[in-house]
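Colleague: Just one file: entry-v1.cif, with mmCIF, C-alpha atoms.
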data_structure
loop_
_atom_site.group_PDB
_atom_site.id
_atom_site.type_symbol
_atom_site.label_atom_id
_atom_site.label_comp_id
_atom_site.auth_asym_id
_atom_site.auth_seq_id
_atom_site.Cartn_x
_atom_site.Cartn_y
_atom_site.Cartn_z
ATOM 1 C CA MET A 30 14.845 30.484 24.494
ATOM 2 C CA PHE A 31 15.172 34.120 25.697
ATOM 3 C CA SER A 32 14.464 35.906 28.948
ATOM 4 C CA ILE A 33 14.154 39.619 28.188
ATOM 5 C CA ILE A 34 14.725 41.666 31.327
ATOM 6 C CA ILE A 35 13.549 45.261 31.574
ATOM 7 C CA PRO A 36 14.539 47.401 34.580
ATOM 8 C CA ASN A 37 11.948 50.164 34.759
ATOM 9 C CA TYR A 38 12.172 53.447 36.601
ATOM 10 C CA ASN A 39 9.852 56.250 35.478
ATOM 11 C CA GLY A 40 9.789 55.046 31.890
ATOM 12 C CA GLU A 41 6.338 56.487 31.195
ATOM 13 C CA PRO A 42 7.266 58.471 28.027
ATOM 14 C CA TYR A 43 8.915 55.488 26.306
ATOM 15 C CA VAL A 44 8.128 52.077 27.796
ATOM 16 C CA GLU A 45 4.983 51.559 25.713
ATOM 17 C CA VAL A 46 7.075 51.696 22.527
ATOM 18 C CA LEU A 47 9.538 49.150 23.917
ATOM 19 C CA ILE A 48 6.788 46.691 24.827
ATOM 20 C CA GLU A 49 5.054 47.144 21.473
ATOM 21 C CA THR A 50 8.267 46.305 19.602
ATOM 22 C CA LEU A 51 8.803 43.215 21.759
ATOM 23 C CA LEU A 52 5.267 41.940 21.271
ATOM 24 C CA ALA A 53 5.632 42.477 17.503
ATOM 25 C CA GLN A 54 8.562 40.048 17.207
ATOM 26 C CA LYS A 55 8.105 37.238 14.673
ATOM 27 C CA PHE A 56 10.147 34.925 16.910
ATOM 28 C CA LYS A 57 7.945 34.113 19.910
ATOM 29 C CA ASP A 58 10.048 31.851 22.158
ATOM 30 C CA PHE A 59 10.769 34.399 24.892
ATOM 31 C CA GLU A 60 9.548 35.624 28.248
ATOM 32 C CA ILE A 61 9.370 39.243 29.397
ATOM 33 C CA ILE A 62 10.429 40.125 32.932
ATOM 34 C CA VAL A 63 9.826 43.718 34.048
ATOM 35 C CA VAL A 64 11.420 44.801 37.323
ATOM 36 C CA ASP A 65 10.015 48.117 38.517
ATOM 37 C CA ASP A 66 12.485 50.026 40.692
ATOM 38 C CA MET A 67 9.907 52.019 42.693
ATOM 39 C CA SER A 68 8.703 54.244 39.863
ATOM 40 C CA THR A 69 6.842 57.430 40.797
ATOM 41 C CA ASP A 70 5.205 58.054 37.411
ATOM 42 C CA ASN A 71 2.506 56.192 35.474
ATOM 43 C CA SER A 72 4.863 53.694 33.807
ATOM 44 C CA LEU A 73 3.958 50.691 35.977
ATOM 45 C CA PRO A 74 0.187 50.948 35.255
ATOM 46 C CA ILE A 75 1.028 51.257 31.546
ATOM 47 C CA ILE A 76 3.169 48.116 31.716
ATOM 48 C CA LYS A 77 0.491 46.190 33.599
ATOM 49 C CA ASN A 78 -2.188 47.250 31.149
ATOM 50 C CA MET A 79 -0.090 46.027 28.211
ATOM 51 C CA LEU A 80 1.306 42.810 29.681
ATOM 52 C CA GLU A 81 -0.801 41.428 32.514
ATOM 53 C CA GLY A 82 -2.667 38.311 31.497
ATOM 54 C CA ARG A 83 -0.255 37.510 28.679
ATOM 55 C CA PRO A 84 1.664 34.224 28.870
ATOM 56 C CA ARG A 85 5.338 34.209 29.865
ATOM 57 C CA VAL A 86 5.258 37.622 31.539
ATOM 58 C CA LYS A 87 6.508 38.500 35.026
ATOM 59 C CA ILE A 88 6.100 41.948 36.580
ATOM 60 C CA ILE A 89 8.100 42.423 39.766
ATOM 61 C CA GLU A 90 7.606 45.477 41.978
ATOM 62 C CA LEU A 91 10.609 46.218 44.173
ATOM 63 C CA LYS A 92 9.950 47.499 47.682
ATOM 64 C CA GLU A 93 13.344 49.113 48.097
ATOM 65 C CA LYS A 94 15.537 50.982 45.621
ATOM 66 C CA ARG A 95 17.965 48.719 43.732
ATOM 67 C CA TYR A 96 18.934 50.900 40.729
ATOM 68 C CA ASN A 97 19.415 49.394 37.259
ATOM 69 C CA GLY A 98 22.041 46.853 38.268
ATOM 70 C CA GLY A 99 20.035 45.470 41.165
ATOM 71 C CA ALA A 100 16.822 45.415 39.124
ATOM 72 C CA ARG A 101 18.579 43.420 36.394
ATOM 73 C CA ASN A 102 19.910 40.960 38.980
ATOM 74 C CA VAL A 103 16.401 40.415 40.338
ATOM 75 C CA GLY A 104 15.151 39.822 36.810
ATOM 76 C CA VAL A 105 17.795 37.161 36.156
ATOM 77 C CA GLU A 106 16.854 35.421 39.429
ATOM 78 C CA HIS A 107 13.338 34.957 38.020
ATOM 79 C CA ALA A 108 14.438 34.060 34.480
ATOM 80 C CA THR A 109 13.927 30.632 32.923
ATOM 81 C CA GLY A 110 15.245 31.223 29.383
ATOM 82 C CA ASP A 111 18.466 29.714 28.057
ATOM 83 C CA TYR A 112 19.768 33.170 27.092
ATOM 84 C CA ILE A 113 19.473 36.567 28.740
ATOM 85 C CA LEU A 114 18.718 39.808 26.904
ATOM 86 C CA PHE A 115 18.435 43.213 28.564
ATOM 87 C CA ALA A 116 16.355 46.165 27.381
ATOM 88 C CA ASP A 117 16.275 49.592 29.022
ATOM 89 C CA CYS A 118 12.811 51.048 29.506
ATOM 90 C CA ASP A 119 13.486 54.099 27.298
ATOM 91 C CA ASP A 120 14.860 52.149 24.309
ATOM 92 C CA TRP A 121 13.131 49.863 21.810
ATOM 93 C CA VAL A 122 13.763 46.960 19.444
ATOM 94 C CA ASN A 123 14.912 47.879 15.940
ATOM 95 C CA ASN A 124 12.492 45.715 13.920
ATOM 96 C CA ASP A 125 10.271 42.640 14.186
ATOM 97 C CA MET A 126 12.981 40.181 13.043
ATOM 98 C CA CYS A 127 15.599 41.027 15.691
ATOM 99 C CA LEU A 128 15.000 38.072 18.013
ATOM 100 C CA ALA A 129 14.842 35.753 15.006
ATOM 101 C CA GLU A 130 18.325 36.914 13.968
ATOM 102 C CA ILE A 131 19.770 36.157 17.399
ATOM 103 C CA ALA A 132 17.955 32.808 17.552
ATOM 104 C CA LYS A 133 19.507 31.841 14.217
ATOM 105 C CA ILE A 134 22.999 32.381 15.643
ATOM 106 C CA ILE A 135 22.166 30.367 18.749
ATOM 107 C CA ARG A 136 20.813 27.434 16.749
ATOM 108 C CA LEU A 137 23.913 27.306 14.547
ATOM 109 C CA LYS A 138 26.693 28.155 17.027
ATOM 110 C CA HIS A 139 25.410 27.951 20.622
ATOM 111 C CA PRO A 140 27.887 30.672 21.720
ATOM 112 C CA ASP A 141 28.393 31.748 25.315
ATOM 113 C CA ILE A 142 27.893 35.378 24.334
ATOM 114 C CA ILE A 143 26.728 37.328 21.285
ATOM 115 C CA ARG A 144 27.736 40.912 20.527
ATOM 116 C CA LEU A 145 24.731 42.992 19.427
ATOM 117 C CA PRO A 146 25.079 46.049 17.165
ATOM 118 C CA TYR A 147 22.583 48.843 17.790
ATOM 119 C CA ARG A 148 21.154 52.055 16.416
ATOM 120 C CA ALA A 149 21.609 55.402 18.145
ATOM 121 C CA TYR A 150 18.505 57.612 18.063
ATOM 122 C CA ILE A 151 19.244 61.310 18.522
ATOM 123 C CA ASN A 152 17.428 64.433 17.382
ATOM 124 C CA LYS A 153 14.681 62.137 16.058
ATOM 125 C CA ARG A 154 17.056 60.375 13.675
ATOM 126 C CA ALA A 155 18.628 56.915 14.001
ATOM 127 C CA ALA A 156 22.016 55.725 12.766
ATOM 128 C CA THR A 157 23.460 52.213 12.940
ATOM 129 C CA VAL A 158 26.519 51.697 15.133
ATOM 130 C CA ASN A 159 28.501 48.711 13.874
ATOM 131 C CA VAL A 160 30.310 46.994 16.750
ATOM 132 C CA LYS A 161 31.884 43.895 15.247
ATOM 133 C CA GLU A 162 34.738 42.856 17.504
ATOM 134 C CA LYS A 163 36.989 40.073 16.246
ATOM 135 C CA ASN A 164 37.076 38.101 19.487
ATOM 136 C CA LEU A 165 36.504 38.241 23.239
ATOM 137 C CA GLU A 166 39.722 40.167 23.802
ATOM 138 C CA THR A 167 38.711 43.085 21.578
ATOM 139 C CA PHE A 168 35.177 42.932 22.998
ATOM 140 C CA THR A 169 36.593 43.327 26.511
ATOM 141 C CA LYS A 170 38.267 46.569 25.415
ATOM 142 C CA SER A 171 35.140 47.992 23.839
ATOM 143 C CA VAL A 172 34.291 51.562 24.748
ATOM 144 C CA PHE A 173 30.570 50.827 24.814
ATOM 145 C CA VAL A 174 29.633 48.050 27.247
ATOM 146 C CA ALA A 175 25.894 48.582 27.825
ATOM 147 C CA PRO A 176 24.080 45.390 28.933
ATOM 148 C CA TRP A 177 21.788 45.475 25.896
ATOM 149 C CA THR A 178 24.772 45.084 23.554
ATOM 150 C CA LYS A 179 25.180 41.477 24.747
ATOM 151 C CA CYS A 180 23.157 38.264 24.702
ATOM 152 C CA VAL A 181 24.571 35.753 27.185
ATOM 153 C CA LYS A 182 23.833 32.228 28.356
ATOM 154 C CA ARG A 183 21.843 32.448 31.576
ATOM 155 C CA GLU A 184 24.005 29.809 33.271
ATOM 156 C CA LEU A 185 27.057 32.072 32.771
ATOM 157 C CA PHE A 186 25.477 35.342 33.899
ATOM 158 C CA LYS A 187 27.582 37.439 36.284
ATOM 159 C CA PRO A 188 25.632 39.823 38.562
ATOM 160 C CA PHE A 189 25.806 43.593 38.306
ATOM 161 C CA PRO A 190 27.170 45.744 41.136
ATOM 162 C CA GLU A 191 24.231 47.162 43.051
ATOM 163 C CA ASN A 192 23.466 50.595 44.495
ATOM 164 C CA SER A 193 25.649 52.133 41.799
ATOM 165 C CA LEU A 194 25.128 54.410 38.795
ATOM 166 C CA LEU A 195 28.113 52.868 36.985
ATOM 167 C CA GLU A 196 27.252 49.201 36.994
ATOM 168 C CA ASP A 197 28.175 48.317 33.409
ATOM 169 C CA VAL A 198 31.983 48.231 33.444
ATOM 170 C CA VAL A 199 32.664 45.751 36.251
ATOM 171 C CA GLN A 200 29.951 43.382 35.056
ATOM 172 C CA HIS A 201 31.227 43.565 31.470
ATOM 173 C CA ILE A 202 34.734 42.424 32.442
ATOM 174 C CA ALA A 203 33.457 39.759 34.854
ATOM 175 C CA GLN A 204 30.999 38.472 32.240
ATOM 176 C CA LEU A 205 33.563 38.105 29.466
ATOM 177 C CA ASP A 206 35.992 36.446 31.857
ATOM 178 C CA VAL A 207 33.705 33.380 32.128
ATOM 179 C CA CYS A 208 32.793 33.198 28.424
ATOM 180 C CA LYS A 209 34.746 31.030 25.993
ATOM 181 C CA THR A 210 32.833 31.260 22.715
ATOM 182 C CA PHE A 211 31.799 34.474 20.979
ATOM 183 C CA GLU A 212 29.781 35.506 17.935
ATOM 184 C CA ASN A 213 28.789 38.810 16.344
ATOM 185 C CA CYS A 214 25.197 39.500 15.365
ATOM 186 C CA PRO A 215 25.112 40.891 11.792
ATOM 187 C CA VAL A 216 22.237 43.355 12.350
ATOM 188 C CA PRO A 217 21.403 46.049 14.944
ATOM 189 C CA ILE A 218 19.051 44.860 17.672
ATOM 190 C CA MET A 219 18.222 47.710 20.051
ATOM 191 C CA VAL A 220 17.629 51.389 19.351
ATOM 192 C CA TRP A 221 19.442 53.478 21.966
ATOM 193 C CA ASN A 222 17.299 56.499 22.777
ATOM 194 C CA ARG A 223 19.731 59.384 23.138
ATOM 195 C CA ASP A 224 16.846 61.860 23.081
ATOM 196 C CA ASN A 225 15.880 60.927 26.644
ATOM 197 C CA LYS A 226 17.548 63.837 28.404
ATOM 198 C CA LYS A 227 16.691 62.436 31.837
ATOM 199 C CA ALA A 228 18.778 59.303 31.306
ATOM 200 C CA ILE A 229 22.099 59.163 33.151
ATOM 201 C CA SER A 230 24.025 58.615 29.928
ATOM 202 C CA SER A 231 22.422 61.716 28.389
ATOM 203 C CA ASP A 232 23.224 64.027 31.307
ATOM 204 C CA THR A 233 26.854 63.312 32.116
ATOM 205 C CA ALA A 234 27.601 66.805 33.419
ATOM 206 C CA LYS A 235 24.811 66.605 35.994
ATOM 207 C CA TYR A 236 25.841 63.206 37.349
ATOM 208 C CA THR A 237 29.560 63.979 37.303
ATOM 209 C CA LYS A 238 28.862 66.502 40.077
ATOM 210 C CA ASP A 239 26.418 64.289 41.943
ATOM 211 C CA SER A 240 27.426 62.586 45.200
ATOM 212 C CA LYS A 241 25.851 59.317 44.058
ATOM 213 C CA ARG A 242 28.075 59.390 40.995
ATOM 214 C CA TYR A 243 31.114 59.972 43.200
ATOM 215 C CA SER A 244 30.248 57.060 45.463
ATOM 216 C CA SER A 245 29.710 54.900 42.373
ATOM 217 C CA VAL A 246 33.268 55.629 41.213
ATOM 218 C CA TYR A 247 34.634 54.353 44.525
ATOM 219 C CA ARG A 248 32.291 51.356 44.448
ATOM 220 C CA ASN A 249 33.416 50.403 40.949
ATOM 221 C CA MET A 250 37.054 50.780 41.880
ATOM 222 C CA ALA A 251 36.591 48.554 44.948
ATOM 223 C CA ASP A 252 34.748 45.923 42.882
ATOM 224 C CA LEU A 253 37.518 45.940 40.281
ATOM 225 C CA LEU A 254 40.178 45.550 42.971
ATOM 226 C CA ASP A 255 38.298 42.503 44.296
ATOM 227 C CA LEU A 256 37.674 40.993 40.861
ATOM 228 C CA LYS A 257 39.805 37.939 40.061
ATOM 229 C CA CYS A 258 40.259 37.434 36.321
ATOM 230 C CA ASN A 259 41.146 34.173 34.591
ATOM 231 C CA HIS A 260 42.040 35.640 31.212
ATOM 232 C CA THR A 261 45.004 37.916 30.529
ATOM 233 C CA TYR A 262 42.962 40.359 28.461
ATOM 234 C CA CYS A 263 40.360 40.692 31.236
ATOM 235 C CA GLU A 264 43.112 41.350 33.758
ATOM 236 C CA GLU A 265 44.647 43.982 31.481
ATOM 237 C CA GLN A 266 41.297 45.700 31.110
ATOM 238 C CA ARG A 267 40.691 45.508 34.864
ATOM 239 C CA GLN A 268 43.985 47.309 35.519
ATOM 240 C CA PHE A 269 43.232 49.877 32.818
ATOM 241 C CA ARG A 270 39.855 50.692 34.352
ATOM 242 C CA ILE A 271 41.290 50.933 37.874
ATOM 243 C CA LYS A 272 43.816 53.483 36.597
ATOM 244 C CA ALA A 273 41.012 55.415 34.882
ATOM 245 C CA TYR A 274 39.032 55.615 38.139
ATOM 246 C CA GLU A 275 42.165 56.701 40.011
ATOM 247 C CA ASP A 276 42.560 59.540 37.533
ATOM 248 C CA ILE A 277 38.939 60.590 37.998
ATOM 249 C CA ILE A 278 39.375 60.683 41.766
ATOM 250 C CA LYS A 279 42.571 62.731 41.519
ATOM 251 C CA ASN A 280 41.470 65.135 38.799
ATOM 252 C CA ASP A 281 37.749 65.660 39.316
ATOM 253 C CA GLY A 282 37.805 67.149 42.789
ATOM 254 C CA ILE A 283 36.254 64.158 44.505
ATOM 255 C CA LEU A 284 38.806 64.132 47.304
ATOM 256 C CA ASN A 285 38.218 67.846 47.884
ATOM 257 C CA LEU A 286 34.491 67.228 48.094
ATOM 258 C CA ILE A 287 34.839 64.328 50.545
ATOM 259 C CA ASN A 288 37.465 65.998 52.745
ATOM 260 C CA GLY A 289 35.870 69.431 52.790
ATOM 261 C CA GLY A 290 38.622 70.906 50.667
ATOM 262 C CA ASN A 291 41.426 69.435 52.802
ATOM 263 C CA SER A 292 42.651 66.616 50.539
ATOM 264 C CA GLN A 293 46.344 65.853 50.737
#
Any chance you could put this one into structure tokens?
Modeller:
Amino acid sequence: MFSIIIPNYNGEPYVEVLIETLLAQKFKDFEIIVVDDMSTDNSLPIIKNMLEGRPRVKIIELKEKRYNGGARNVGVEHATGDYILFADCDDWVNNDMCLAEIAKIIRLKHPDIIRLPYRAYINKRAATVNVKEKNLETFTKSVFVAPWTKCVKRELFKPFPENSLLEDVVQHIAQLDVCKTFENCPVPIMVWNRDNKKAISSDTAKYTKDSKRYSSVYRNMADLLDLKCNHTYCEEQRQFRIKAYEDIIKNDGILNLINGGNSQ
């Protein structure tokens, strides 16, 4: 039923926990697809040691850098499940009944997309974050749009922007624009590891001043300008995000950086 896609880059301190929590699931109708984005640590040998030889496992080693968005796209290309789930290599599954809870919703409703609550783990403590949107419109406007907060039909999957550090937003709007039916999961599924200080989301100040982050802002803005939305609420959110990126460019010194201090 599920294809669980894990983009891995230097996940050595955490990826073993993620895999253990996946293998412990009571619901067993899923495949695991790990896409390694040219890791330089010991995470890939750990993954191979834990998964190689098991049924319904694919380990893909990229030969050129694709970043999280590209790695997820590669994983979907190799997926065979009816539904797609994403898991980041430094997070883990909340308990051994999580996939069973999602499967129950699918059996009863067959929705295009399911919203997944989560737990935030910080300072070695976890707290549940309830994200129960009423419909697709409110889901589109959600502040938190991480890929692992959604379970989507594989046939409806919309690819992530590649070579970008900010791949979530554009894909989120494009994904919801092709979905018609929506359900909320009643329990948290993933545990978001906020204690990983090397993660992009945990080191905003560092990446705000990074040239790759700057180029990602422009890439996202270009992708949003090109995006054609069918639904009014997706179009409204597209325009809102474009304005937000315009403000970042104007107010964060990006033009000064690009033009050597000579921005007009």
Colleague: Considering only C-alpha atoms, return as a PyMOL selection string whatever protein or nucleic-acid residues lie within 9 Å of region 81-88 of chain A, sequence-local ones (same chain, fewer than 3 positions apart) excluded.
Modeller: chain A and resi 59-65+76-78+104+107
Colleague: Pick the closest to Tyr150 (chain A) from A:Asn37, A:Asn123, A:Thr178, A:Asn222: which is it, counting all atoms listed in the file?
Modeller: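 Checking each of A:Asn37, A:Asn123, A:Thr178, A:Asn222 against Tyr150 (chain A), counting all atoms listed in the file, the winner is A:Asn222.
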Colleague: So how far away is CA of Glu162 (chain A) from CA of Leu256 (chain A), in Å?
Modeller: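 One can read the CA of Leu256 (chain A) to CA of Glu162 (chain A) distance as 23.6 Å.
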Colleague: For Arg101 (chain A), which residue out of A:Lys272, A:Lys187, A:Lys182, A:Arg136 is the nearest one, using all atoms listed in the file?
Modeller: A:Lys187
Colleague: Hey, can you pull every residue with an atom no more than 12 Å from (23.4, 47.5, 40.8), using all atoms listed in the file, and send it as a PyMOL selection string?
Modeller: chain A and resi 36+66+94-104+187-200+245+248-249+252
Colleague: Check what the PyMOL selection byres ((chain A and resi 275) around 12) selects in the file above and give those residues as a compact mmCIF listing (two decimals) with C-alpha atoms, in the frame of the given file.
Modeller:
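Saved to part_36.txt:
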# COMPACT_ATOMS: atom_id res chain seq x y z
CA TYR A 243 31.11 59.97 43.20
CA VAL A 246 33.27 55.63 41.21
CA TYR A 247 34.63 54.35 44.52
CA ASN A 249 33.42 50.40 40.95
CA MET A 250 37.05 50.78 41.88
CA ALA A 251 36.59 48.55 44.95
CA LEU A 253 37.52 45.94 40.28
CA LEU A 254 40.18 45.55 42.97
CA GLN A 268 43.98 47.31 35.52
CA PHE A 269 43.23 49.88 32.82
CA ARG A 270 39.85 50.69 34.35
CA ILE A 271 41.29 50.93 37.87
CA LYS A 272 43.82 53.48 36.60
CA ALA A 273 41.01 55.42 34.88
CA TYR A 274 39.03 55.62 38.14
CA ASP A 276 42.56 59.54 37.53
CA ILE A 277 38.94 60.59 38.00
CA ILE A 278 39.38 60.68 41.77
CA LYS A 279 42.57 62.73 41.52
CA ASN A 280 41.47 65.14 38.80
CA ASP A 281 37.75 65.66 39.32
CA GLY A 282 37.80 67.15 42.79
CA ILE A 283 36.25 64.16 44.50
CA LEU A 284 38.81 64.13 47.30
Colleague: Report, in Å with one decimal, the straight-line distance from CA of Asn164 (chain A) to CA of Ala129 (chain A).
Modeller: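 Between CA of Asn164 (chain A) and CA of Ala129 (chain A) the gap works out to 22.8 Å.
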Colleague: Return as AutoDock Vina command-line options the box centre and box size in Å, one decimal, for an axis-aligned box around all listed atoms of region 50-61 of chain A padded by 3 Å per side.
Modeller:
--center_x 8.0 --center_y 39.1 --center_z 22.0 --size_x 11.5 --size_y 20.5 --size_z 20.7
Colleague: Quick check, in Å to one decimal: how far apart do CA of Ser32 (chain A) and CA of Ser171 (chain A) lie?
Modeller: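 Separating CA of Ser32 (chain A) from CA of Ser171 (chain A) is a distance of 24.5 Å.
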Colleague: Using only C-alpha atoms, which of A:Asn152, A:Ser68, A:Gln204, A:Thr210 sits nearest Ile89 (chain A)?
Modeller: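 Under the stated criterion, the closest residue is A:Ser68.
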Colleague: Name the residues captured by the PyMOL selection byres ((chain A and resi 258) around 9) when it is applied to the shown file; answer as a PyMOL selection string.
Modeller: chain A and resi 202-203+206-207+256-257+259-264+267
Colleague: In terms of the shortest atom-to-atom distance over only C-alpha atoms, which of A:Asn213, A:Gln266, A:Asn39, A:Asn71 is closest to Asp117 (chain A)?
Modeller: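 Nearest candidate to Asp117 (chain A) out of A:Asn213, A:Gln266, A:Asn39, A:Asn71: A:Asn39.
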Colleague: I need the residue set behind the PyMOL selection byres ((chain A and resi 130) around 9) for this file; please write it as JSON, numbers by chain.
Modeller: {"A": [56, 126, 127, 128, 129, 131, 132, 133, 134, 135, 214, 215, 216, 218]}
